[in-house]
Amino acid sequence: MNALNIQKGMSSHSAYDLRDPNSEIIESHTLAVMVENEPGVLARVIGLFSGRGYNIDSLTVAEVDHTGHKSRITVVTRGTPAVIEQIKAQLGRIVPVHEVHDLTVEGPVVERELGLFKVHGQGEKRVEALRIAEIFRANVVDSSLESFVFEVVGTQSKLDAFADLMRPLGLSDMARTGVAALARGI
Amino acid sequence: MMSRMMTGARMVVEALRDQGVDTVFGYPGGAVLPIYDEIFQQNDITHVLVRHEQGAVHMAEGYARSTGKPGVVLVTSGPGATNAVTGLTDALLDSIPLVVLSGQVPTFLIGTDGFQEADTVGITRPCTKHNWLVKDPDKLSETIHKGFHVATSGRPGPVLIDIPKDVQFATAEYVGPKQIEPARYQPVRKGDITAITRLVELIEQAERPILYTGGGVINSGPGASQLLRELADSTEFPVTSTLMGLGAYPASGKHWLGMLGMHGLYEANLAMHDCDLMINVGARFDDRITGRVADFSPGSIKAHIDIDPSSINKVIHVDIPIIGDVGHVLEDLLKVWKSRGRRLNKAALGQWWEKIEGWKSRNCLAYRNSDKIIKPQYAVQRLEALTKNHDRYITTEVGQHQMWAAQYLHFDAPNRWMTSGGLGTMGYGLPASIGVQMAHPDALVINVAGDASWLMNMQEMGTAVQFHLPVKQFILNNERLGMVRQWQQLLHGERYSQSWSDSLPDFVKLAEAFGCKGAQVRDPKDLDDAIQQMIDYDGPFILDVLVEKHENCFPMIPSGKPHNEMLLGEAETLGVIESQGAVLV
């Protein structure tokens, strides 16, 4: 689907048409934006969101095709269906944007985020932190006598839940990558 | 293929020549000296030396709008580039194709706060369609060709190419436009035939249709205007247009309703409000057009033809979006309609026209004339009468005079009307008139201006004189910021805060100081002679028309009101804008 060639919202076969365009319900969508890996392209995408007042809940970007000079930007954004459609159309008309995929409407999707969590504690709290980490299948990637750094991979909500549980146990710092997402299947 | 090694600076000139550029508007400075050195050594491209870089960009806009070709600008780094920002934004909002070349400090100084360094690509990113900083001399010629492609394809717009000084000095191989890979950026041109057929079905049944046309028809080229005329004249559908689309359908055409919108005609706005089928052809449901969105044409099915997918459903939800170039879509539309037997709901259309004639009979552009003082509307009407048979191009500044020009001047052809629609840039008209005159040396080019707007870029009179460009400056002088004053009267309790022009220059002496000619007229009896003198004078001319100072521009849809709540004159203005409307602009 080339964002510049598809005719957004106009095909009667499109899944987009199933949603009420006038709905005021705020939806969260995960967009995958394939871009030409040229200087300033990230600023262009981010500038679009800030300039037009759209939300960014999460954003990740990395080169995915070195020879083809392509990067993939994954944006989690929120808005009414009309705003989401407008965001996709606006992204699609940025010159170095190759494709815009709305993973949320295009089908089942795998979403993962990686988080690093530093937890300070001693005694019972330290043991409890380790126990919870095990439940979350977190890896201990650094350890001192008074702290751990846990690495957790999962959905955004899994990482949120982990952070909530660790907070009373001495969570002192965290770093999260933001969501990376791919469509399931072929 | 013979290898063609040359400096970056020479490549710039070579690339412009290969792109068919004959005119560049610009201003030299430290970071573009190598390019100016190359310009000095050639004769194919005329360089117009402006007085301020904003003027250069508006000139290029006037050139582009009146020819359909991209306008080209050359400025230096730092202030040269930042001065171009207003013009770039103006061109972006009005979809005018421009290629702006800016000098930059050498690559090794970038980021050091060097002399006349600015983050030009950063500053201009949101006000260009695309921009590039070229750090590699091997990429320079290719980038310039790409720039022309991006500026002119799809929805046109301005691009900027920032060229560091060391890249201008460096030697590399020149690549011509035909040698580069085809650009990946290829917006669709043909519309979806299923959607077009659905629209034809509606056209066949429509009882109260309207064609709402915009700047997209003009950007699509003269062919699109021709197809629009064919569509309107063969279906007998009424046509209204935005400010940007005037001339696409002739004002003398049988089905013309006049401009719509905030200061549009009564019949045009009411027809929009009451229609059952609205066909938007290359317009974008701008807030000057829609009035209160919730009450915008509540009973109609809406079709929208636009080359930019992001224009669809941005402001108004439409039922039949057709993404494509106006010319291509109209051609297919006519083909399908004809092949199905040119059917129409003739009986209903007759009744629709009767209703429209009723609205027309309100004569909404009537105003109370005077034999003592020149009414601005009268001045524009006389200008129309005395210039309509000329090969005429009109530019405007922004404000009341702009609306009066749109209401009382008649355009029978596209590309004859240059105005700042989207951004509303005061100071646009004078430089734009110079750009138009450069492209059409023998035409009559008139800038309909207000006193306040005109002063914003008046330094460009020097450019007009230097290049012997006989642009006519028709200044409706009310010693006020008329539109601001009108709004203060209507919704700020007649507190006229800062909306008068104190210490105005003597425009006649100013003309003399610039080395051209000026005249002043204050008596309605002398107006025709003064206009004729302006037309006949062989050179730039400033006509200072002293007009009624407190005239308001009507009709008017007050902010926050729907189309069917228009004001037709002074008597209706009392307490018209409610507090919710006052927050709108």
# chains A, B, ... in the order shown; residues from 1 in each chain; ligands from 1
>>> residues_around(residues="stretch 434-449 of chain B", least_positions_apart="3", cutoff="6 Å", atoms="only C-alpha atoms", output="PyMOL selection string")
chain B and resi 59-60+62-63+391-397+429+431+454+471-475
>>> write_last_selection(atoms="C-alpha atoms", output="PDB file, in the first residue's frame")
ATOM      1  CA  MET B  59       7.316  38.144  -7.228  1.00  0.00           C
ATOM      2  CA  ALA B  60       8.038  34.499  -7.932  1.00  0.00           C
ATOM      3  CA  GLY B  62       3.044  36.257  -9.154  1.00  0.00           C
ATOM      4  CA  TYR B  63       5.207  34.885 -11.943  1.00  0.00           C
ATOM      5  CA  ASP B 391      -4.934  42.162 -21.670  1.00  0.00           C
ATOM      6  CA  ARG B 392      -5.210  42.542 -17.910  1.00  0.00           C
ATOM      7  CA  TYR B 393      -3.709  40.906 -14.823  1.00  0.00           C
ATOM      8  CA  ILE B 394      -4.774  41.874 -11.302  1.00  0.00           C
ATOM      9  CA  THR B 395      -2.924  41.410  -8.034  1.00  0.00           C
ATOM     10  CA  THR B 396      -4.095  42.576  -4.629  1.00  0.00           C
ATOM     11  CA  GLU B 397      -2.902  43.198  -1.143  1.00  0.00           C
ATOM     12  CA  GLY B 429       0.351  42.618  -4.143  1.00  0.00           C
ATOM     13  CA  PRO B 431       5.847  42.447  -5.523  1.00  0.00           C
ATOM     14  CA  TRP B 454       0.913  48.695   0.189  1.00  0.00           C
ATOM     15  CA  VAL B 471       3.001  48.065 -12.936  1.00  0.00           C
ATOM     16  CA  LYS B 472      -0.003  50.129 -11.870  1.00  0.00           C
ATOM     17  CA  GLN B 473      -0.527  50.629  -8.146  1.00  0.00           C
ATOM     18  CA  PHE B 474      -4.194  51.398  -7.574  1.00  0.00           C
ATOM     19  CA  ILE B 475      -4.327  52.370  -3.893  1.00  0.00           C
TER      20      ILE B 475
END
>>> residues_around(residues="B:Lys178", least_positions_apart="2", cutoff="12 Å", atoms="only C-alpha atoms", output="mmCIF file with C-alpha atoms, in the first residue's frame")
data_model
loop_
_atom_site.group_PDB
_atom_site.id
_atom_site.type_symbol
_atom_site.label_atom_id
_atom_site.label_comp_id
_atom_site.auth_asym_id
_atom_site.auth_seq_id
_atom_site.Cartn_x
_atom_site.Cartn_y
_atom_site.Cartn_z
ATOM 1 C CA ALA B 15 20.177 23.029 -13.825
ATOM 2 C CA ASP B 18 17.774 22.734 -18.190
ATOM 3 C CA GLN B 19 14.550 23.265 -16.253
ATOM 4 C CA SER B 141 22.204 18.832 -9.681
ATOM 5 C CA GLU B 142 20.006 15.827 -8.940
ATOM 6 C CA HIS B 145 15.879 18.609 -10.583
ATOM 7 C CA LYS B 146 14.040 16.730 -7.833
ATOM 8 C CA HIS B 149 9.563 17.827 -9.765
ATOM 9 C CA TYR B 174 26.616 17.602 -13.603
ATOM 10 C CA VAL B 175 23.597 15.374 -14.147
ATOM 11 C CA GLY B 176 20.790 16.542 -16.434
ATOM 12 C CA ILE B 180 18.327 11.010 -13.051
ATOM 13 C CA GLU B 181 16.193 8.117 -11.869
ATOM 14 C CA PRO B 182 12.471 8.751 -12.144
ATOM 15 C CA ALA B 183 11.304 10.289 -8.892
#
>>> interface_residues(of="chain B", to="chain A", cutoff="7 Å", atoms="only C-alpha atoms", output="list in words")
Arg125, His130, Tyr185, Pro187, Val188, Pro309, Ser310, Lys314, Pro321 and Ile323 of chain B
>>> write_last_selection(atoms="C-alpha atoms", output="PDB file, in the first residue's frame")
ATOM      1  CA  ARG B 125      10.542  22.725   7.172  1.00  0.00           C
ATOM      2  CA  HIS B 130       9.864  19.751   1.019  1.00  0.00           C
ATOM      3  CA  TYR B 185       7.198  10.878  -5.560  1.00  0.00           C
ATOM      4  CA  PRO B 187       0.962  11.511  -6.758  1.00  0.00           C
ATOM      5  CA  VAL B 188      -2.084  10.002  -8.437  1.00  0.00           C
ATOM      6  CA  PRO B 309      -5.766  13.087   0.065  1.00  0.00           C
ATOM      7  CA  SER B 310      -5.341  15.133   3.249  1.00  0.00           C
ATOM      8  CA  LYS B 314     -10.288  17.543   6.892  1.00  0.00           C
ATOM      9  CA  PRO B 321     -14.207  11.762  -2.299  1.00  0.00           C
ATOM     10  CA  ILE B 323      -8.617  11.903  -5.322  1.00  0.00           C
TER      11      ILE B 323
END
>>> closest_residue(among="A:Val35, A:Ile25, A:Ala181, A:Lys70", to="A:Glu113", atoms="only C-alpha atoms")
A:Ala181
>>> select_by_dssp(residues="stretch 20-178 of chain A", states="strand (DSSP E or B)", output="PyMOL selection string")
chain A and resi 27-36+58-65+70-79+97-102+109-120+139-143+147-154+171-176
>>> decode(residues="stretch 459-485 of chain B", atoms="N, CA and C atoms", output="compact mmCIF listing (two decimals), in the first residue's frame")
# COMPACT_ATOMS: atom_id res chain seq x y z
N GLN B 459 9.13 49.15 -0.82
CA GLN B 459 10.51 49.28 -1.33
C GLN B 459 10.65 48.67 -2.72
N GLU B 460 9.74 47.75 -3.08
CA GLU B 460 9.86 47.08 -4.37
C GLU B 460 9.52 48.00 -5.55
N MET B 461 9.01 49.21 -5.27
CA MET B 461 8.83 50.16 -6.38
C MET B 461 10.17 50.40 -7.06
N GLY B 462 11.24 50.33 -6.26
CA GLY B 462 12.58 50.49 -6.84
C GLY B 462 12.86 49.42 -7.88
N THR B 463 12.43 48.20 -7.59
CA THR B 463 12.62 47.09 -8.54
C THR B 463 11.84 47.36 -9.82
N ALA B 464 10.59 47.82 -9.65
CA ALA B 464 9.75 48.10 -10.82
C ALA B 464 10.41 49.15 -11.71
N VAL B 465 10.96 50.18 -11.08
CA VAL B 465 11.58 51.26 -11.86
C VAL B 465 12.85 50.75 -12.54
N GLN B 466 13.67 50.01 -11.78
CA GLN B 466 14.93 49.53 -12.35
C GLN B 466 14.70 48.66 -13.58
N PHE B 467 13.67 47.82 -13.54
CA PHE B 467 13.46 46.88 -14.64
C PHE B 467 12.40 47.37 -15.64
N HIS B 468 12.05 48.66 -15.54
CA HIS B 468 11.08 49.27 -16.47
C HIS B 468 9.79 48.47 -16.54
N LEU B 469 9.28 48.11 -15.39
CA LEU B 469 8.05 47.31 -15.35
C LEU B 469 6.88 48.24 -15.06
N PRO B 470 5.99 48.45 -16.04
CA PRO B 470 4.95 49.48 -15.89
C PRO B 470 3.78 49.04 -15.01
N VAL B 471 4.07 48.54 -13.82
CA VAL B 471 3.00 48.06 -12.94
C VAL B 471 2.20 49.25 -12.41
N LYS B 472 0.88 49.06 -12.32
CA LYS B 472 0.00 50.13 -11.87
C LYS B 472 -0.43 49.85 -10.44
N GLN B 473 -0.17 50.79 -9.55
CA GLN B 473 -0.53 50.63 -8.15
C GLN B 473 -1.79 51.44 -7.88
N PHE B 474 -2.89 50.76 -7.72
CA PHE B 474 -4.19 51.40 -7.57
C PHE B 474 -4.54 51.34 -6.08
N ILE B 475 -4.21 52.40 -5.35
CA ILE B 475 -4.33 52.37 -3.89
C ILE B 475 -5.65 52.99 -3.45
N LEU B 476 -6.49 52.17 -2.83
CA LEU B 476 -7.73 52.69 -2.24
C LEU B 476 -7.34 53.19 -0.85
N ASN B 477 -7.16 54.49 -0.75
CA ASN B 477 -6.59 55.06 0.46
C ASN B 477 -7.69 55.55 1.38
N ASN B 478 -7.93 54.82 2.46
CA ASN B 478 -8.91 55.28 3.45
C ASN B 478 -8.22 55.66 4.76
N GLU B 479 -6.91 55.74 4.72
CA GLU B 479 -6.12 56.10 5.90
C GLU B 479 -6.49 55.21 7.09
N ARG B 480 -6.86 54.00 6.79
CA ARG B 480 -7.28 53.07 7.84
C ARG B 480 -6.74 51.68 7.49
N LEU B 481 -6.72 50.80 8.52
CA LEU B 481 -6.61 49.37 8.25
C LEU B 481 -8.06 48.91 8.18
N GLY B 482 -8.63 49.06 6.99
CA GLY B 482 -10.08 49.02 6.83
C GLY B 482 -10.75 47.78 7.39
N MET B 483 -10.19 46.62 7.14
CA MET B 483 -10.85 45.39 7.59
C MET B 483 -10.76 45.26 9.10
N VAL B 484 -9.62 45.67 9.66
CA VAL B 484 -9.47 45.65 11.11
C VAL B 484 -10.49 46.62 11.72
N ARG B 485 -10.58 47.81 11.12
CA ARG B 485 -11.51 48.81 11.61
C ARG B 485 -12.95 48.28 11.56
